[in-house]
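S.K.: Just so it is clear, I am handing over query.pdb, which has PDB, C-alpha atoms.
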MODEL        1
ATOM      1  CA  MET A   1     127.123 137.815 198.244
ATOM      2  CA  PRO A   2     126.828 140.137 195.270
ATOM      3  CA  ASP A   3     125.173 138.499 192.348
ATOM      4  CA  PRO A   4     125.880 140.227 189.048
ATOM      5  CA  GLU A   5     122.759 138.671 187.595
ATOM      6  CA  SER A   6     120.409 139.871 190.272
ATOM      7  CA  PRO A   7     119.062 143.004 188.538
ATOM      8  CA  ASP A   8     118.109 140.842 185.574
ATOM      9  CA  LYS A   9     116.527 138.230 187.802
ATOM     10  CA  TRP A  10     114.560 140.912 189.540
ATOM     11  CA  GLU A  11     113.342 142.165 186.194
ATOM     12  CA  VAL A  12     112.347 138.646 185.137
ATOM     13  CA  GLN A  13     110.337 138.189 188.334
ATOM     14  CA  LEU A  14     108.734 141.576 187.946
ATOM     15  CA  ARG A  15     107.712 140.809 184.377
ATOM     16  CA  LYS A  16     106.404 137.382 185.295
ATOM     17  CA  GLY A  17     104.472 138.791 188.215
ATOM     18  CA  THR A  18     102.680 141.270 186.000
ATOM     19  CA  LEU A  19     102.152 138.916 183.078
ATOM     20  CA  GLU A  20      98.898 137.577 184.473
ATOM     21  CA  LEU A  21      97.418 141.055 184.519
ATOM     22  CA  ALA A  22      98.803 141.780 181.043
ATOM     23  CA  ILE A  23      97.094 138.652 179.685
ATOM     24  CA  LEU A  24      93.758 139.547 181.281
ATOM     25  CA  ALA A  25      94.097 143.022 179.763
ATOM     26  CA  ALA A  26      94.959 141.600 176.328
ATOM     27  CA  LEU A  27      91.725 139.600 176.366
ATOM     28  CA  TRP A  28      89.607 142.509 177.580
ATOM     29  CA  ASN A  29      88.190 143.301 174.131
ATOM     30  CA  GLY A  30      87.562 139.780 172.941
ATOM     31  CA  LYS A  31      88.914 136.327 172.396
ATOM     32  CA  LEU A  32      92.449 135.649 171.153
ATOM     33  CA  TYR A  33      94.595 132.548 170.671
ATOM     34  CA  GLY A  34      97.980 132.051 172.288
ATOM     35  CA  LEU A  35     100.169 133.438 169.525
ATOM     36  CA  GLU A  36      97.905 136.497 169.144
ATOM     37  CA  ILE A  37      98.243 137.154 172.863
ATOM     38  CA  LEU A  38     102.034 136.891 172.589
ATOM     39  CA  ARG A  39     102.131 139.261 169.603
ATOM     40  CA  HIS A  40      99.715 141.656 171.235
ATOM     41  CA  LEU A  41     101.864 141.865 174.355
ATOM     42  CA  GLU A  42     105.009 142.376 172.317
ATOM     43  CA  SER A  43     103.505 145.086 170.158
ATOM     44  CA  ALA A  44     101.713 146.890 172.982
ATOM     45  CA  SER A  45     104.682 146.911 175.323
ATOM     46  CA  ASP A  46     108.333 146.106 175.680
ATOM     47  CA  LEU A  47     107.360 143.050 177.708
ATOM     48  CA  ILE A  48     109.582 140.337 176.329
ATOM     49  CA  VAL A  49     107.367 137.338 176.786
ATOM     50  CA  SER A  50     108.268 133.814 175.849
ATOM     51  CA  GLU A  51     105.858 131.156 174.774
ATOM     52  CA  GLY A  52     107.312 128.841 177.406
ATOM     53  CA  THR A  53     105.902 131.191 180.023
ATOM     54  CA  VAL A  54     102.646 132.253 178.404
ATOM     55  CA  TYR A  55     101.175 128.867 177.453
ATOM     56  CA  PRO A  56     101.444 127.265 180.916
ATOM     57  CA  LEU A  57     100.081 130.477 182.397
ATOM     58  CA  LEU A  58      97.064 130.409 180.064
ATOM     59  CA  THR A  59      96.358 126.821 181.138
ATOM     60  CA  ARG A  60      96.690 127.874 184.771
ATOM     61  CA  LEU A  61      94.362 130.866 184.388
ATOM     62  CA  LYS A  62      91.856 128.566 182.751
ATOM     63  CA  SER A  63      92.048 126.034 185.575
ATOM     64  CA  LEU A  64      91.524 128.896 188.031
ATOM     65  CA  GLY A  65      88.291 129.714 186.195
ATOM     66  CA  LEU A  66      89.464 133.126 184.960
ATOM     67  CA  LEU A  67      89.503 132.108 181.277
ATOM     68  CA  THR A  68      87.521 129.805 179.054
ATOM     69  CA  SER A  69      88.811 128.274 175.861
ATOM     70  CA  GLN A  70      87.364 127.111 172.601
ATOM     71  CA  TRP A  71      88.894 125.384 169.577
ATOM     72  CA  VAL A  72      88.126 127.164 166.315
ATOM     73  CA  GLU A  73      89.025 125.943 162.825
ATOM     74  CA  SER A  74      91.250 128.368 160.941
ATOM     75  CA  ASP A  75      92.074 129.161 157.332
ATOM     76  CA  ALA A  76      95.577 127.904 158.030
ATOM     77  CA  GLY A  77      94.170 124.381 158.045
ATOM     78  CA  HIS A  78      94.462 123.622 161.724
ATOM     79  CA  PRO A  79      92.358 124.535 164.745
ATOM     80  CA  ARG A  80      93.417 127.253 167.168
ATOM     81  CA  LYS A  81      92.649 127.452 170.852
ATOM     82  CA  TYR A  82      90.961 130.778 171.605
ATOM     83  CA  TYR A  83      90.795 132.162 175.115
ATOM     84  CA  ALA A  84      88.179 134.521 176.522
ATOM     85  CA  LEU A  85      87.623 136.088 179.934
ATOM     86  CA  THR A  86      85.011 134.625 182.262
ATOM     87  CA  PRO A  87      83.053 136.971 184.550
ATOM     88  CA  ALA A  88      85.479 135.941 187.329
ATOM     89  CA  GLY A  89      88.366 136.810 185.009
ATOM     90  CA  ARG A  90      86.917 140.272 184.331
ATOM     91  CA  GLN A  91      86.473 140.881 188.026
ATOM     92  CA  ARG A  92      89.993 139.691 188.789
ATOM     93  CA  GLY A  93      91.357 141.908 186.004
ATOM     94  CA  ARG A  94      89.634 144.971 187.414
ATOM     95  CA  GLU A  95      90.859 144.212 190.935
ATOM     96  CA  MET A  96      94.416 143.661 189.766
ATOM     97  CA  ALA A  97      94.376 146.839 187.672
ATOM     98  CA  THR A  98      93.208 148.866 190.675
ATOM     99  CA  LEU A  99      95.907 147.363 192.895
ATOM    100  CA  TRP A 100      98.535 147.920 190.229
ATOM    101  CA  THR A 101      97.601 151.571 189.709
ATOM    102  CA  ARG A 102      97.719 152.241 193.434
ATOM    103  CA  PHE A 103     100.955 150.332 193.873
ATOM    104  CA  SER A 104     102.756 151.968 190.974
ATOM    105  CA  ALA A 105     101.712 155.449 192.164
ATOM    106  CA  THR A 106     103.119 154.640 195.605
ATOM    107  CA  MET A 107     106.336 153.269 194.148
ATOM    108  CA  THR A 108     106.769 156.339 191.940
ATOM    109  CA  ARG A 109     106.688 158.479 195.086
ATOM    110  CA  VAL A 110     109.008 156.130 196.949
ATOM    111  CA  ILE A 111     111.638 156.048 194.234
ATOM    112  CA  ALA A 112     111.451 159.793 193.529
ATOM    113  CA  PRO A 113     114.905 160.409 195.139
ATOM    114  CA  LEU A 114     116.456 157.956 192.663
ATOM    115  CA  THR A 115     115.026 159.503 189.551
ATOM    116  CA  PRO A 116     116.531 162.803 188.366
ATOM    117  CA  PRO A 117     114.007 165.619 188.056
ATOM    118  CA  SER A 118     113.246 166.418 184.446
ATOM    119  CA  GLY A 119     110.937 168.683 182.545
ATOM    120  CA  LYS A 120     108.581 165.819 181.906
ATOM    121  CA  ASP A 121     105.959 164.848 184.415
ATOM    122  CA  HIS A 122     106.578 162.003 186.827
TER     123      HIS A 122
ATOM    124  CA  MET B 123      96.042 119.369 158.117
ATOM    125  CA  LEU B 124      99.465 120.123 159.451
ATOM    126  CA  ALA B 125     102.355 118.840 157.434
ATOM    127  CA  PRO B 126     104.194 116.686 159.960
ATOM    128  CA  ASP B 127     107.678 117.975 160.579
ATOM    129  CA  PRO B 128     109.885 115.180 161.996
ATOM    130  CA  LYS B 129     111.672 117.386 164.555
ATOM    131  CA  THR B 130     108.407 118.873 165.753
ATOM    132  CA  GLU B 131     106.915 115.416 166.146
ATOM    133  CA  VAL B 132     109.918 114.163 168.123
ATOM    134  CA  TRP B 133     109.731 117.238 170.369
ATOM    135  CA  LEU B 134     105.992 116.833 170.921
ATOM    136  CA  THR B 135     106.287 113.100 171.599
ATOM    137  CA  THR B 136     108.935 113.717 174.254
ATOM    138  CA  PHE B 137     106.871 116.542 175.696
ATOM    139  CA  ARG B 138     103.761 114.383 175.841
ATOM    140  CA  ARG B 139     105.664 111.614 177.610
ATOM    141  CA  HIS B 140     106.851 114.026 180.305
ATOM    142  CA  LEU B 141     103.325 115.304 180.891
ATOM    143  CA  ARG B 142     102.267 111.830 181.998
ATOM    144  CA  GLY B 143     100.259 112.048 185.186
ATOM    145  CA  LEU B 144      98.067 114.938 184.072
ATOM    146  CA  LYS B 145      94.563 114.070 182.957
ATOM    147  CA  PRO B 146      94.695 112.473 179.468
ATOM    148  CA  GLU B 147      92.290 115.065 178.031
ATOM    149  CA  ASP B 148      94.457 117.869 179.444
ATOM    150  CA  ILE B 149      97.570 116.336 177.887
ATOM    151  CA  ASP B 150      95.830 116.104 174.498
ATOM    152  CA  GLU B 151      94.772 119.716 174.727
ATOM    153  CA  ILE B 152      98.183 121.050 175.797
ATOM    154  CA  VAL B 153      99.966 119.124 173.049
ATOM    155  CA  ALA B 154      97.398 120.193 170.420
ATOM    156  CA  GLU B 155      97.788 123.827 171.443
ATOM    157  CA  LEU B 156     101.583 123.739 171.119
ATOM    158  CA  ARG B 157     101.322 121.900 167.797
ATOM    159  CA  SER B 158      99.050 124.653 166.541
ATOM    160  CA  HIS B 159     101.445 127.297 167.905
ATOM    161  CA  ILE B 160     104.462 125.747 166.168
ATOM    162  CA  ALA B 161     102.546 125.609 162.870
ATOM    163  CA  ASP B 162     101.454 129.254 163.191
ATOM    164  CA  LYS B 163     104.623 130.836 164.527
ATOM    165  CA  SER B 164     107.006 130.096 161.673
ATOM    166  CA  PRO B 165     105.747 127.399 159.324
ATOM    167  CA  ASP B 166     109.033 127.379 157.406
ATOM    168  CA  ASN B 167     111.292 127.234 160.412
ATOM    169  CA  PRO B 168     109.792 125.120 163.177
ATOM    170  CA  GLU B 169     113.235 124.657 164.707
ATOM    171  CA  ALA B 170     113.356 128.302 165.781
ATOM    172  CA  THR B 171     109.991 127.922 167.502
ATOM    173  CA  LEU B 172     111.108 124.738 169.231
ATOM    174  CA  ALA B 173     114.263 126.528 170.443
ATOM    175  CA  ALA B 174     112.138 129.340 171.867
ATOM    176  CA  LEU B 175     109.952 126.813 173.678
ATOM    177  CA  GLY B 176     113.042 125.331 175.348
ATOM    178  CA  SER B 177     113.463 121.703 176.284
ATOM    179  CA  PRO B 178     110.286 119.589 176.318
ATOM    180  CA  GLN B 179     111.277 118.327 179.745
ATOM    181  CA  ALA B 180     111.585 121.810 181.274
ATOM    182  CA  LEU B 181     108.329 122.980 179.748
ATOM    183  CA  ALA B 182     106.526 119.859 180.978
ATOM    184  CA  ALA B 183     107.927 120.504 184.480
ATOM    185  CA  GLN B 184     106.303 123.940 184.365
ATOM    186  CA  TYR B 185     102.921 122.440 183.488
ATOM    187  CA  LEU B 186     103.260 119.796 186.217
ATOM    188  CA  ALA B 187     104.162 122.375 188.869
ATOM    189  CA  ASP B 188     101.155 124.474 187.825
ATOM    190  CA  ASP B 189      98.930 121.401 187.986
ATOM    191  CA  LEU B 190     100.223 120.603 191.460
ATOM    192  CA  LEU B 191      99.395 124.128 192.667
ATOM    193  CA  ALA B 192      95.962 124.043 191.048
ATOM    194  CA  ARG B 193      95.157 120.675 192.649
ATOM    195  CA  ALA B 194      96.350 121.922 196.020
ATOM    196  CA  GLN B 195      93.553 124.475 195.906
ATOM    197  CA  VAL B 196      91.072 121.600 195.781
ATOM    198  CA  THR B 197      92.694 119.020 198.051
ATOM    199  CA  ARG B 198      95.582 119.287 200.466
ATOM    200  CA  SER B 199      95.884 115.549 200.884
ATOM    201  CA  PRO B 200      99.553 114.637 201.424
ATOM    202  CA  LEU B 201      99.119 111.580 199.199
ATOM    203  CA  HIS B 202      97.873 113.657 196.270
ATOM    204  CA  LEU B 203     100.644 116.152 196.812
ATOM    205  CA  LEU B 204     103.315 113.462 196.966
ATOM    206  CA  LYS B 205     101.974 111.855 193.795
ATOM    207  CA  SER B 206     102.209 115.150 191.905
ATOM    208  CA  LEU B 207     105.583 115.909 193.456
ATOM    209  CA  PHE B 208     106.933 112.557 192.409
ATOM    210  CA  ARG B 209     106.198 113.288 188.748
ATOM    211  CA  TRP B 210     107.699 116.743 189.036
ATOM    212  CA  ALA B 211     110.742 115.252 190.810
ATOM    213  CA  THR B 212     111.513 113.096 187.795
ATOM    214  CA  LEU B 213     111.772 116.201 185.611
ATOM    215  CA  SER B 214     113.659 118.759 187.638
ATOM    216  CA  ILE B 215     116.289 118.960 190.335
ATOM    217  CA  ALA B 216     114.205 121.475 192.262
ATOM    218  CA  GLY B 217     111.287 119.055 192.183
ATOM    219  CA  PHE B 218     113.508 116.259 193.388
ATOM    220  CA  PHE B 219     114.613 118.139 196.498
ATOM    221  CA  VAL B 220     111.133 119.425 197.266
ATOM    222  CA  PHE B 221     109.922 115.821 196.997
ATOM    223  CA  LEU B 222     112.625 114.591 199.422
ATOM    224  CA  GLY B 223     111.813 117.378 201.874
ATOM    225  CA  ALA B 224     108.115 116.583 201.715
ATOM    226  CA  ILE B 225     108.732 112.876 202.317
ATOM    227  CA  ALA B 226     110.895 113.676 205.354
ATOM    228  CA  GLY B 227     108.326 116.103 206.785
ATOM    229  CA  TYR B 228     105.388 113.752 206.310
ATOM    230  CA  LEU B 229     107.293 110.767 207.735
ATOM    231  CA  LEU B 230     108.217 112.751 210.833
ATOM    232  CA  GLY B 231     104.597 113.849 211.278
ATOM    233  CA  ALA B 232     103.300 110.317 210.749
ATOM    234  CA  ALA B 233     105.855 108.843 213.189
ATOM    235  CA  LEU B 234     104.822 111.301 215.897
ATOM    236  CA  ILE B 235     101.145 110.546 215.424
ATOM    237  CA  VAL B 236     101.689 106.779 215.353
ATOM    238  CA  ALA B 237     103.809 106.980 218.519
ATOM    239  CA  ALA B 238     101.054 108.947 220.262
ATOM    240  CA  LEU B 239      98.414 106.416 219.248
ATOM    241  CA  VAL B 240     100.429 103.325 220.172
ATOM    242  CA  LYS B 241     101.740 104.603 223.518
ATOM    243  CA  PRO B 242      98.689 103.474 225.567
ATOM    244  CA  PHE B 243      99.080  99.901 224.248
ATOM    245  CA  ARG B 244     102.863  99.545 224.326
ATOM    246  CA  PRO B 245     103.987 102.145 226.865
ATOM    247  CA  ASP B 246     107.396 100.615 227.512
ATOM    248  CA  ARG B 247     108.316 100.280 223.858
ATOM    249  CA  THR B 248     106.979 103.564 222.493
ATOM    250  CA  GLY B 249     108.561 106.940 222.998
ATOM    251  CA  LEU B 250     111.271 109.416 222.182
ATOM    252  CA  TRP B 251     114.637 108.284 223.457
ATOM    253  CA  LEU B 252     117.900 110.095 223.816
ATOM    254  CA  ASN B 253     120.287 107.311 222.842
ATOM    255  CA  ALA B 254     123.097 106.224 225.095
ATOM    256  CA  ASP B 255     125.571 108.216 222.979
ATOM    257  CA  GLY B 256     123.828 111.371 224.202
ATOM    258  CA  VAL B 257     123.571 112.817 220.712
ATOM    259  CA  SER B 258     121.127 110.929 218.562
ATOM    260  CA  ILE B 259     117.472 110.448 219.285
ATOM    261  CA  ARG B 260     115.094 107.704 218.375
ATOM    262  CA  LEU B 261     111.401 108.134 217.917
ATOM    263  CA  GLY B 262     108.611 105.656 217.709
ATOM    264  CA  LEU B 263     108.094 102.015 218.367
ATOM    265  CA  THR B 264     110.828  99.513 219.057
ATOM    266  CA  ASP B 265     111.132  95.861 219.907
ATOM    267  CA  GLN B 266     114.604  96.271 221.335
ATOM    268  CA  TYR B 267     115.409  97.102 224.867
ATOM    269  CA  LEU B 268     116.869 100.601 224.643
ATOM    270  CA  ARG B 269     119.451 101.903 227.041
ATOM    271  CA  GLY B 270     118.818 105.530 226.319
ATOM    272  CA  THR B 271     116.747 108.005 228.283
ATOM    273  CA  GLU B 272     113.078 108.229 227.494
ATOM    274  CA  LEU B 273     112.379 111.920 227.146
ATOM    275  CA  LEU B 274     108.646 112.421 227.031
ATOM    276  CA  GLY B 275     106.885 109.631 228.878
ATOM    277  CA  TRP B 276     103.107 110.005 228.602
ATOM    278  CA  TRP B 277     103.562 113.498 227.220
ATOM    279  CA  ILE B 278     104.206 111.879 223.883
ATOM    280  CA  ILE B 279     100.439 111.419 223.477
ATOM    281  CA  PRO B 280      99.383 115.089 223.384
ATOM    282  CA  LEU B 281     102.707 116.314 222.014
ATOM    283  CA  GLY B 282     102.889 113.610 219.360
ATOM    284  CA  LEU B 283      99.397 114.414 218.113
ATOM    285  CA  ILE B 284      99.848 118.184 218.122
ATOM    286  CA  VAL B 285     103.386 118.300 216.762
ATOM    287  CA  GLY B 286     102.666 115.488 214.300
ATOM    288  CA  VAL B 287      99.663 117.251 212.780
ATOM    289  CA  ALA B 288     101.585 120.537 212.792
ATOM    290  CA  ALA B 289     104.537 118.886 211.023
ATOM    291  CA  ILE B 290     102.238 117.570 208.296
ATOM    292  CA  MET B 291     100.507 120.922 207.826
ATOM    293  CA  PHE B 292     103.812 122.768 207.830
ATOM    294  CA  THR B 293     105.257 120.349 205.276
ATOM    295  CA  THR B 294     102.306 120.961 202.960
ATOM    296  CA  ARG B 295     102.606 124.717 203.283
ATOM    297  CA  ILE B 296     106.346 124.860 202.770
ATOM    298  CA  THR B 297     106.098 122.452 199.808
ATOM    299  CA  LEU B 298     103.502 124.617 198.092
ATOM    300  CA  TRP B 299     105.524 127.736 198.880
ATOM    301  CA  PHE B 300     108.658 126.239 197.293
ATOM    302  CA  THR B 301     106.691 125.119 194.246
ATOM    303  CA  GLU B 302     105.099 128.546 193.831
ATOM    304  CA  THR B 303     108.459 130.285 194.220
ATOM    305  CA  TRP B 304     110.088 127.953 191.725
ATOM    306  CA  ARG B 305     107.313 128.578 189.237
ATOM    307  CA  ARG B 306     107.562 132.327 189.637
ATOM    308  CA  THR B 307     111.322 132.637 189.384
ATOM    309  CA  ARG B 308     111.843 130.207 186.564
ATOM    310  CA  THR B 309     113.631 131.949 183.713
ATOM    311  CA  TRP B 310     112.926 130.929 180.190
ATOM    312  CA  PRO B 311     114.950 130.987 176.990
ATOM    313  CA  HIS B 312     114.221 134.183 175.170
ATOM    314  CA  ARG B 313     114.781 134.730 171.533
TER     315      ARG B 313
ENDMDL
END
Let me see the file written as structure tokens.
M.R.:
Amino acid sequence: MPDPESPDKWEVQLRKGTLELAILAALWNGKLYGLEILRHLESASDLIVSEGTVYPLLTRLKSLGLLTSQWVESDAGHPRKYYALTPAGRQRGREMATLWTRFSATMTRVIAPLTPPSGKDH
Amino acid sequence: MLAPDPKTEVWLTTFRRHLRGLKPEDIDEIVAELRSHIADKSPDNPEATLAALGSPQALAAQYLADDLLARAQVTRSPLHLLKSLFRWATLSIAGFFVFLGAIAGYLLGAALIVAALVKPFRPDRTGLWLNADGVSIRLGLTDQYLRGTELLGWWIIPLGLIVGVAAIMFTTRITLWFTETWRRTRTWPHR
């Protein structure tokens, strides 16, 4: 049964599937709190991320031992929960990045017939 | 301190209530984090932030499903799983059906194992019968005299144990798979 929504759903799943890696990458250079991670992802990419997805995922990554968290008082008058990578999180990030690079190179070759040749590189 | 905004407080109170079942310190931390987020995101317009977060119930369901998957990495006890599923079932239709499926799978597994264990003591009253109607089957222990055909005889002991344990393991796996798939494909309100 054709589903007119399916391309969008596929995109949502694709984005969600890569969000974990994007979060690990966002934290690579130091600790950030949730809203900073959201803003970083939005400014660094066209990943449209919603807080309803990111916050549960941060909690999950923490319970998996990939992130640690720490409450820090802020000038705004309330504490913020900062996340940082654990050694396991760094290792997982590197592994995922390697897999992603390999996978995306393969997919670029696979989908070559679908993409019109242009002057730019692949 | 944060200036309490009535709508934010109502949202957070509802959210906190739906998180019930997680560890109290985890609930405090999750609620505190979202409170801090709402204050930071748009201090003058918390309603927009609340809209982007979606319904407190749906967001809580996401946290509960994640908690269920995280716990499953530590223990695969059906009782723990059912307890987590029950809380999730009260928040989402998907959770409700996964809960029903899990109950059915575990009951079938338990019935097979119980039948296998009881057979040596009550051989005439324990078994798998094809009922007299020729369509329905009846498994387990009965006090009634049944006019159906007993299908397995003593085979119910090895088969009941093997299939019963397999049914329980399969139920756990399929439950976790459904939960994981639900979590991954859940779409969220975007601004």
S.K.: Extract, using all atoms listed in the file, all DNA, RNA and protein residues at most 7 Å from Gly249 in chain B, discarding same-chain residues fewer than 4 positions from it, and format them as an MDAnalysis selection string.
M.R.: chainID B and resid 237 261:263 272 274:275 278
S.K.: Show me, as a PyMOL selection string, every residue of chain B with an atom at most 12 Å from chain A, counting only C-alpha atoms.
M.R.: chain B and resi 123-125+148-149+151-165+171-196+302-313
S.K.: State, in Å with one decimal place, the distance from CA of Trp210 in chain B to CA of Ala224 in chain B.
M.R.: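 Between these atoms lies a distance of 12.7 Å.
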S.K.: Using CA of Ala232 in chain B and CA of Val287 in chain B as the two end points, give the distance in Å to one decimal.
M.R.: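 About the pair CA of Ala232 in chain B and CA of Val287 in chain B: they are 8.1 Å apart.
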S.K.: Give, as AutoDock Vina command-line options, the centre coordinates and the x, y and z edge lengths in Å to one decimal for an axis-aligned box around all listed atoms of range 79-89 of chain A, padded by 3 Å on each side.
M.R.:
--center_x 88.2 --center_y 130.8 --center_z 176.0 --size_x 16.4 --size_y 18.4 --size_z 28.6
S.K.: Residues within 10 Å of (89.3, 131.1, 185.5), file coordinates, counting only C-alpha atoms: what are they? Give the list as a list in words.
M.R.: Leu58, Thr59, Arg60, Leu61, Lys62, Ser63, Leu64, Gly65, Leu66, Leu67, Thr68, Ala84, Leu85, Thr86, Pro87, Ala88, Gly89, Arg90 and Arg92 of chain A
S.K.: Dump C-alpha atoms for the selected residues as a compact mmCIF listing (two decimals), keeping the file's coordinate frame?
M.R.:
# COMPACT_ATOMS: atom_id res chain seq x y z
CA LEU A 58 97.06 130.41 180.06
CA THR A 59 96.36 126.82 181.14
CA ARG A 60 96.69 127.87 184.77
CA LEU A 61 94.36 130.87 184.39
CA LYS A 62 91.86 128.57 182.75
CA SER A 63 92.05 126.03 185.58
CA LEU A 64 91.52 128.90 188.03
CA GLY A 65 88.29 129.71 186.20
CA LEU A 66 89.46 133.13 184.96
CA LEU A 67 89.50 132.11 181.28
CA THR A 68 87.52 129.80 179.05
CA ALA A 84 88.18 134.52 176.52
CA LEU A 85 87.62 136.09 179.93
CA THR A 86 85.01 134.62 182.26
CA PRO A 87 83.05 136.97 184.55
CA ALA A 88 85.48 135.94 187.33
CA GLY A 89 88.37 136.81 185.01
CA ARG A 90 86.92 140.27 184.33
CA ARG A 92 89.99 139.69 188.79
S.K.: Hey, can you check how far CA of Thr135 in chain B sits from CA of Thr212 in chain B?
M.R.: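 Answer for the CA of Thr135 in chain B to CA of Thr212 in chain B separation: 17.0 Å.
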S.K.: Take the PyMOL selection byres ((chain B and resi 225) around 12), run it mentally on this structure, and tell me the resulting residues as a short mmCIF file (atom, residue, chain, number, x, y, z; two decimals) with C-alpha atoms, in the coordinates of the input.
M.R.:
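Result went into part31.cif, see below:
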data_model
loop_
_atom_site.label_atom_id
_atom_site.label_comp_id
_atom_site.auth_asym_id
_atom_site.auth_seq_id
_atom_site.Cartn_x
_atom_site.Cartn_y
_atom_site.Cartn_z
CA PRO B 200 99.55 114.64 201.42
CA LEU B 201 99.12 111.58 199.20
CA LEU B 203 100.64 116.15 196.81
CA LEU B 204 103.32 113.46 196.97
CA LYS B 205 101.97 111.86 193.80
CA LEU B 207 105.58 115.91 193.46
CA PHE B 208 106.93 112.56 192.41
CA ALA B 211 110.74 115.25 190.81
CA PHE B 218 113.51 116.26 193.39
CA PHE B 219 114.61 118.14 196.50
CA VAL B 220 111.13 119.42 197.27
CA PHE B 221 109.92 115.82 197.00
CA LEU B 222 112.62 114.59 199.42
CA GLY B 223 111.81 117.38 201.87
CA ALA B 224 108.12 116.58 201.72
CA ALA B 226 110.90 113.68 205.35
CA GLY B 227 108.33 116.10 206.78
CA TYR B 228 105.39 113.75 206.31
CA LEU B 229 107.29 110.77 207.74
CA LEU B 230 108.22 112.75 210.83
CA GLY B 231 104.60 113.85 211.28
CA ALA B 232 103.30 110.32 210.75
CA ALA B 233 105.86 108.84 213.19
CA ALA B 289 104.54 118.89 211.02
CA ILE B 290 102.24 117.57 208.30
CA THR B 293 105.26 120.35 205.28
CA THR B 294 102.31 120.96 202.96
CA THR B 297 106.10 122.45 199.81
#
S.K.: Out of A:Gln91, A:Leu38, A:Leu27, A:Thr18, which residue has the shortest atom-to-atom distance to Ser104 in chain A when counting only C-alpha atoms?
M.R.: A:Thr18
S.K.: Give as number ranges by chain every residue, naming chains and numbers as the document does, that has an atom within 7 Å of (97.8, 113.4, 190.1), counting all atoms listed in the file.
M.R.: B: 143-144, 202, 205-206
